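Colleague: Got a structure for you, written out below as structure tokens; questions coming shortly.
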Amino acid sequence: MAKDQKQFVKEITDMTVDFPQWYTDVVLKTGLVDYGPVKGTMVIRPYGYEIWENIQAELNKRFKATGHKNAYFPMFIPYSFLVKEADHVEGFAPEVALVTHIGNTPLEENLVVRPTSETIICSMYAKWVQSYRDLPVLINQWANVVRWEKTTRPFLRTSEFLWQEGHTLHRTEEEAREETLKMLEVYREFMQNVLAVDVLVGKKTEKEKFAGAVDTYTMEAMMLDGKSLQAGTSHYLGQNFASAFEIKYLDSDGQQKRPYQTSWGVSTRLIGALIMAHGDQRGLKLPPRVAPIQVAVVPVAQHKEGVLEKAKEVANELIKAGIRVEFDDREQSPGWKFNEWEMKGVPIRLELGPRDIENGQVVLARRDTNEKVTAPIENIADTVAKLLDDIHENMFKQSHDFTYSHIIDCENMDEMKVALDDKNFVRTMWCGCRECEDKIKAELQATSRCMPFDQSAAGRLKNKCVCCGKDASTVLYFARAY
């Protein structure tokens, strides 16, 4: 390894020694993010924001294909709105940022800086919805939210972050529940087919559900350190907010009724998820479908006649095919460039030097496997497109295999401790008692992640609660989590 290559690796902490520091090193040194001047805030730099833009584009396609429209609502919410739904205000009170003054003048009513938008959106729905003909309402918002977190880490948990939040109204409970699960599936498909991350999907316990929801459904992603990251949630809200905000409509039978509601969202936390699900000792491994740069074209011996021109020609051919390309003709050495693109997680590095030109070929370096192959310059765009798809499929397979090889069935607390200490998820039986969840959290620092839709593991496990030993019929995943 060349001297400049070694230096790049030294800049990133060994992930097997200190995974949190590895993560911090990666997000800062690859130019994804920087710390904001206010504690707990982050500045998303262009390379990181391009990932978010690609996430937005992919999700927007899916939202609009399912009939949803984008809108925008104010970030300042009257405090009285928040207190209308008791569970909701209790759940968010510790994190809420309040505006109390304009200059030196106190406000007549404090304003909440948006922690989530159910309340302000419901206040508008109460004005807009009058008849069953106004339903369903299928609206999504892309916005920032503020939750004053005590412990922060870029992308994973910050005082301000970016997200989307869908808010829908339906005529019947059946329609609303169908919407809740439909959007969870939209998220799961997106995680698999765009971020190449496998997830476990299921229902949250009463203890872990969203404040104000009847039911919360989640997708949980396993990070490379064995911890869980809640990657997205979909909530069936019933009529809780509709009742609090007096949302009513005249049904076809002439009766005034309340609609049923859902909300669902994912955030810039997804960037943290793809970093910690795919990265390695050398830095990022970005899934091709959201990577800002899919191919870095690096001329080798670019001072020699014809090299820059041919490399530029190849880059332009890829660009015309719709591939996101960076043409790197900087003066640094090829080794320096190779390592920068590896650290930044670019899926393919295309190398082209005098000998390659002579042989009518290029060298393609895959970031997912660190393998190099040669390919003809002829039809290079088709070759690269197929390789990008292969890289995606391989990255998803790696995520899937890692996840399911780190799920351990446990039947008592001692087994749970061993499995968790060995950086695994635990699949076990649970009696449904809140006290057992609390005890597991206190003693093992693990929380319930979800009750999977697939409960077939109950047939392999004893029908006794892992904590109290009482009869149990529910399969539940536990993990240490971000």
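Chain labels follow the order of the structure tokens: the first chain is A, the next B, and so on; residue numbering restarts at 1 in every chain, and ligands are counted from 1 in their shown order.
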Within 10 Å of stretch 258-269 of chain A, which residues of stretch 98-148 of chain A come that close, and what is the closest atom pair and distance in Å for each? Count only C-alpha atoms and give it as a tab-separated table.

Modeller:
residue	atom	partner	partner_atom	distance
A:Thr116	CA	A:Gly265	CA	9.9
A:Ser117	CA	A:Ser263	CA	9.5
A:Glu118	CA	A:Ser263	CA	7.8
A:Cys122	CA	A:Gln261	CA	9.6
A:Val129	CA	A:Pro259	CA	9.3
A:Tyr132	CA	A:Pro259	CA	9.0
A:Leu135	CA	A:Pro259	CA	8.4
A:Pro136	CA	A:Pro259	CA	8.9
A:Val137	CA	A:Gln261	CA	9.3
A:Leu138	CA	A:Thr262	CA	9.6
A:Ile139	CA	A:Ser263	CA	9.6
A:Asn140	CA	A:Trp264	CA	8.9
A:Gln141	CA	A:Gly265	CA	9.4
A:Trp142	CA	A:Ser267	CA	9.4
A:Ala143	CA	A:Ser267	CA	9.5
A:Asn144	CA	A:Ser267	CA	9.2
A:Val145	CA	A:Ser267	CA	9.8

Colleague: Leaving out A:Pro78 and any residue of its chain fewer than 4 positions from it, which residues lie within 9 Å of it when counting only C-alpha atoms, given as a list of chain:residue names?

Modeller: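 Returned residues: A:Leu82, A:Glu109, A:Asn110, A:Leu111, A:Val112, A:Ile120.
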
Colleague: So that I can see what lies close to A:Asp368, please list as a short mmCIF file (atom, residue, chain, number, x, y, z; two decimals) with C-alpha atoms, in the first residue's frame the residues with an atom at most 8 Å from it, counting only C-alpha atoms and leaving out residues fewer than 4 positions away in the same chain.

Modeller:
data_model
loop_
_atom_site.label_atom_id
_atom_site.label_comp_id
_atom_site.auth_asym_id
_atom_site.auth_seq_id
_atom_site.Cartn_x
_atom_site.Cartn_y
_atom_site.Cartn_z
CA LYS A 285 -19.89 2.14 0.99
CA PRO A 347 -19.61 2.43 -5.94
CA ILE A 391 -23.32 -4.00 -6.64
CA ASN A 394 -24.66 -7.78 -3.50
CA MET A 395 -24.90 -5.05 -0.89
#

Colleague: Could you give me, as a list in words, the residues within 12 Å of A:Ile323, counting only C-alpha atoms and dropping anything in the same chain fewer than 4 positions from it?

Modeller: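 Residues near the query, excluding close chain neighbours: Pro288, Arg289, Val290, Ala291, Pro292, Ile293, Gln294, Val295, Ala296, Val297, Val314, Ala315, Asn316, Glu317, Leu318, Ile319, Pro347, Ile348, Ile380, Ala381, Asp382, Thr383, Val384, Ala385, Lys386, Leu387, Leu388 and Asp389 of chain A.
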
Colleague: Give me the residues of stretch 205-292 of chain A that have any atom at most 8 Å from an atom of stretch 397-403 of chain A; for each, the nearest atom pair and the distance in Å, rounded to one decimal. Use only C-alpha atoms, sort by chain and number, and format it as a Markdown table.

Modeller:
| residue | atom | partner | partner_atom | distance |
| --- | --- | --- | --- | --- |
| A:Met222 | CA | A:Thr403 | CA | 6.0 |
| A:Ala277 | CA | A:Ser399 | CA | 6.9 |
| A:His278 | CA | A:Ser399 | CA | 7.4 |

Colleague: Leaving out stretch 235-245 of chain A and any residue of its chain fewer than 4 positions from it, which residues lie within 10 Å of it when counting only C-alpha atoms, given as a PyMOL selection string?

Modeller: chain A and resi 81+83-88+118-126+166-170+172-173+176-181+183-184+203-204+209-218+257-265

Colleague: Enumerate the residues of stretch 133-229 of chain A with a DSSP assignment of strand (DSSP E or B), computed from the backbone, and present them as a count of residues only.

Modeller: 38

Colleague: Any idea what's packed within 8 Å of A:Val26, counting only C-alpha atoms, ignoring anything in its chain fewer than 4 positions away? Could you give it as an MDAnalysis selection string?

Modeller: chainID A and resid 12 22 30 283:284 343

Colleague: Using only C-alpha atoms for the distances, tell me which of A:Lys337, A:Arg45, A:Lys39, A:His406 is nearest to A:Arg153.

Modeller: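 The answer is A:Lys39, which sits nearest to A:Arg153.
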
Colleague: Grab the atom CA of A:Ser131 to atom CA of A:Ile247 distance for me, in Å with one decimal place.

Modeller: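 Between atom CA of A:Ser131 and atom CA of A:Ile247 the gap is 10.7 Å.
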
Colleague: Quick one: distance from atom CA of A:Gln230 to atom CA of A:Lys207 in Å, one decimal?

Modeller: 15.0 Å

Colleague: Can you build me a table of stretch 402-424 of chain A residues sitting at most 10 Å from stretch 438-450 of chain A, with the closest atom pair per residue and its distance in Å to one decimal, using only C-alpha atoms, sorted by chain and residue number, as a tab-separated table?

Modeller:
residue	atom	partner	partner_atom	distance
A:Met413	CA	A:Ile440	CA	8.0
A:Asp414	CA	A:Leu444	CA	9.7
A:Met416	CA	A:Leu444	CA	8.1
A:Lys417	CA	A:Leu444	CA	6.4
A:Val418	CA	A:Leu444	CA	9.9
A:Leu420	CA	A:Ala446	CA	8.0
A:Asp421	CA	A:Leu444	CA	9.1

Colleague: Looking at only C-alpha atoms, which of A:Ala375, A:Leu286, A:Val17, A:Leu250 is the one that sits closest to A:Trp341?

Modeller: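 The answer is A:Leu286, which sits nearest to A:Trp341.
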
Colleague: Can you tell me, as number ranges by chain, what residues are no more than 8 Å from A:Thr428 when counting only C-alpha atoms, ignoring any on the same chain fewer than 2 positions away?

Modeller: A: 409-411, 426, 430, 461, 465-466, 475-478

Colleague: Print the selection's residues with N, CA and C atoms to a file, as an mmCIF file, in the first residue's frame.

Modeller:
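Heads up, here's the output in out_22.cif:
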data_model
loop_
_atom_site.group_PDB
_atom_site.id
_atom_site.type_symbol
_atom_site.label_atom_id
_atom_site.label_comp_id
_atom_site.auth_asym_id
_atom_site.auth_seq_id
_atom_site.Cartn_x
_atom_site.Cartn_y
_atom_site.Cartn_z
ATOM 1 N N ASP A 409 -32.215 -16.798 19.039
ATOM 2 C CA ASP A 409 -33.384 -17.172 19.830
ATOM 3 C C ASP A 409 -32.957 -17.411 21.269
ATOM 4 N N CYS A 410 -33.655 -16.762 22.211
ATOM 5 C CA CYS A 410 -33.318 -16.881 23.632
ATOM 6 C C CYS A 410 -34.564 -17.208 24.441
ATOM 7 N N GLU A 411 -34.349 -17.984 25.521
ATOM 8 C CA GLU A 411 -35.486 -18.399 26.340
ATOM 9 C C GLU A 411 -35.379 -17.954 27.783
ATOM 10 N N VAL A 426 -32.082 -10.209 19.731
ATOM 11 C CA VAL A 426 -32.678 -11.348 20.428
ATOM 12 C C VAL A 426 -34.116 -11.519 19.958
ATOM 13 N N TRP A 430 -42.655 -13.203 24.819
ATOM 14 C CA TRP A 430 -42.973 -12.124 25.772
ATOM 15 C C TRP A 430 -44.423 -12.254 26.211
ATOM 16 N N LEU A 461 -39.850 -21.782 20.007
ATOM 17 C CA LEU A 461 -39.493 -21.296 21.333
ATOM 18 C C LEU A 461 -40.497 -21.797 22.366
ATOM 19 N N CYS A 465 -42.534 -16.502 28.940
ATOM 20 C CA CYS A 465 -41.903 -15.189 28.820
ATOM 21 C C CYS A 465 -40.437 -15.261 29.207
ATOM 22 N N VAL A 466 -39.589 -14.652 28.417
ATOM 23 C CA VAL A 466 -38.151 -14.667 28.654
ATOM 24 C C VAL A 466 -37.781 -14.021 29.983
ATOM 25 N N VAL A 475 -44.099 -13.338 19.916
ATOM 26 C CA VAL A 475 -42.682 -13.257 19.563
ATOM 27 C C VAL A 475 -42.307 -11.778 19.501
ATOM 28 N N LEU A 476 -41.200 -11.424 20.140
ATOM 29 C CA LEU A 476 -40.766 -10.032 20.214
ATOM 30 C C LEU A 476 -39.257 -9.946 20.029
ATOM 31 N N TYR A 477 -38.816 -8.978 19.245
ATOM 32 C CA TYR A 477 -37.382 -8.721 19.093
ATOM 33 C C TYR A 477 -36.935 -7.695 20.131
ATOM 34 N N PHE A 478 -35.794 -7.980 20.758
ATOM 35 C CA PHE A 478 -35.117 -7.018 21.632
ATOM 36 C C PHE A 478 -33.740 -6.736 21.060
#

Colleague: Taking the backbone alone, and naming residues the way the document does, which bits of stretch 30-249 of chain A are helix (DSSP H, G or I) by DSSP, as a ChimeraX atom specification?

Modeller: /A:46-65,79-82,86-95,118-128,132-134,173-193,240-244

Colleague: Can you write just those residues out, C-alpha atoms, as a tab-separated table (two decimals), in the first residue's frame?

Modeller:
chain	number	residue	atom	x	y	z
A	46	PRO	CA	-23.29	19.10	-0.31
A	47	TYR	CA	-22.11	15.47	-0.49
A	48	GLY	CA	-24.47	14.49	2.32
A	49	TYR	CA	-27.32	16.61	1.03
A	50	GLU	CA	-27.11	15.00	-2.41
A	51	ILE	CA	-27.76	11.65	-0.73
A	52	TRP	CA	-30.83	13.17	0.91
A	53	GLU	CA	-31.98	14.63	-2.42
A	54	ASN	CA	-31.71	11.18	-4.00
A	55	ILE	CA	-33.64	9.66	-1.09
A	56	GLN	CA	-36.31	12.34	-1.55
A	57	ALA	CA	-36.57	11.69	-5.27
A	58	GLU	CA	-36.99	7.94	-4.81
A	59	LEU	CA	-39.56	8.30	-2.04
A	60	ASN	CA	-41.48	11.02	-3.88
A	61	LYS	CA	-41.95	8.66	-6.82
A	62	ARG	CA	-43.39	6.07	-4.48
A	63	PHE	CA	-45.61	8.50	-2.58
A	64	LYS	CA	-47.08	9.98	-5.75
A	65	ALA	CA	-47.62	6.53	-7.26
A	79	TYR	CA	-48.86	25.68	22.30
A	80	SER	CA	-52.59	25.21	22.89
A	81	PHE	CA	-52.68	22.90	19.85
A	82	LEU	CA	-50.11	20.58	21.40
A	86	ALA	CA	-52.94	14.54	26.11
A	87	ASP	CA	-50.75	11.55	25.19
A	88	HIS	CA	-49.13	13.55	22.42
A	89	VAL	CA	-48.05	16.46	24.62
A	90	GLU	CA	-46.80	14.11	27.33
A	91	GLY	CA	-44.68	12.25	24.79
A	92	PHE	CA	-43.07	15.38	23.34
A	93	ALA	CA	-42.96	17.80	26.29
A	94	PRO	CA	-39.31	17.12	27.25
A	95	GLU	CA	-38.08	17.80	23.69
A	118	GLU	CA	-50.14	16.22	13.60
A	119	THR	CA	-51.64	19.13	15.53
A	120	ILE	CA	-51.22	21.95	13.03
A	121	ILE	CA	-52.20	19.74	10.12
A	122	CYS	CA	-55.31	18.57	11.97
A	123	SER	CA	-56.29	22.20	12.60
A	124	MET	CA	-56.30	22.70	8.83
A	125	TYR	CA	-58.08	19.44	8.08
A	126	ALA	CA	-60.87	20.58	10.40
A	127	LYS	CA	-61.40	23.53	8.01
A	128	TRP	CA	-60.98	21.61	4.77
A	132	TYR	CA	-67.39	12.31	2.68
A	133	ARG	CA	-66.54	13.54	-0.83
A	134	ASP	CA	-63.50	15.31	0.65
A	173	GLU	CA	-61.04	2.39	10.12
A	174	GLU	CA	-60.39	-0.34	7.57
A	175	GLU	CA	-59.15	2.17	4.98
A	176	ALA	CA	-56.90	3.90	7.53
A	177	ARG	CA	-55.38	0.63	8.74
A	178	GLU	CA	-54.80	-0.42	5.13
A	179	GLU	CA	-53.00	2.90	4.50
A	180	THR	CA	-50.82	2.44	7.60
A	181	LEU	CA	-49.56	-0.96	6.47
A	182	LYS	CA	-49.33	0.09	2.80
A	183	MET	CA	-46.90	2.91	3.66
A	184	LEU	CA	-44.85	0.63	5.91
A	185	GLU	CA	-44.47	-1.66	2.90
A	186	VAL	CA	-43.50	1.33	0.71
A	187	TYR	CA	-40.72	2.04	3.22
A	188	ARG	CA	-39.60	-1.61	3.40
A	189	GLU	CA	-39.42	-1.87	-0.40
A	190	PHE	CA	-37.46	1.41	-0.54
A	191	MET	CA	-34.97	0.16	2.05
A	192	GLN	CA	-34.39	-3.02	0.06
A	193	ASN	CA	-34.44	-1.71	-3.50
A	240	ASN	CA	-57.65	10.52	18.59
A	241	PHE	CA	-56.57	13.69	16.79
A	242	ALA	CA	-59.83	13.98	14.85
A	243	SER	CA	-61.68	14.14	18.17
A	244	ALA	CA	-59.24	16.61	19.73
